Amino acid sequence: MLERPAVEATELRQVMDDLRIVIEADWEEADGSIQWPEGVMPRVLADAHGLLRVFLNLSKNSLRAVSEANSKTLHIGVTICDGKACIQFADSGPGVNTPDRLFRPFDQMSEGSGLGLYISRTMLRTYGGDLRYEPTDRGASFVVELQVV
């Protein structure tokens with residue numbers, strides 16, 4: 001029987017530091033850059049390993065999206081909105097043509113398996129959080145919402 005992840009107070013700064021270790025070299029190799037959040041970050045209700053997997057999925061999608069762009073950037077920002085931590089992943093890629101298809105499992109239009117965003121959103125919802133797409137003029141923007149502890 002599978003064990004449920006330990007949803008507990010998680011240091012968002014530590015998860016961001018772990019993310020930096022894992023993805024920074026790939027972005028540098030692609031001649032891209034990442035703008036990391038600064039300052040104090042809240043503790044959030046999540047499983048640290050699961051949250052890292054969600055962040056890895058979002059950053060991997062962004063890296064794939066910017067591969068042909070002139071400017072290869074990923075901006076990660078952390079704000080508090082309505083009592084929740086909002087972690088935004090915004091890239092300089094071409095954007096999303098069909099946002100209504102984003103969170104469908106096994107979507108044939110997906111460049112991957114079509115499961116990454118679906119699983120990420122489902123995982124975040126088990127923590128009482130969410131994942132949403134935010135339309136922008138340029139690139140793609142996804143926001144992770146988590147309960148602040």
# chains A, B, ... in the order shown; residues from 1 in each chain; ligands from 1
call {"tool": "residues_around", "arguments": {"residues": "stretch 69-80 of chain A", "least_positions_apart": "6", "cutoff": "12 Å", "atoms": "only C-alpha atoms", "output": "number ranges by chain"}}
result
A: 12-13, 16, 19-20, 23-24, 26-44, 55, 58-63, 86-95, 138-149
call {"tool": "atom_distance", "arguments": {"atom1": "atom CA of A:Asn57", "atom2": "atom CA of A:Gly116"}}
result
6.4 Å
call {"tool": "atom_distance", "arguments": {"atom1": "atom CA of A:Tyr133", "atom2": "atom CA of A:Asp100"}}
result
9.5 Å
call {"tool": "select_by_dssp", "arguments": {"residues": "stretch 3-35 of chain A", "states": "alpha helix (DSSP H)", "output": "PyMOL selection string"}}
result
chain A and resi 12-29
call {"tool": "atom_distance", "arguments": {"atom1": "atom CA of A:Arg125", "atom2": "atom CA of A:Pro99"}}
result
19.5 Å
call {"tool": "select_by_dssp", "arguments": {"residues": "stretch 28-102 of chain A", "states": "strand (DSSP E)", "output": "ChimeraX atom specification"}}
result
/A:33-35,43-46,73-81,84-91
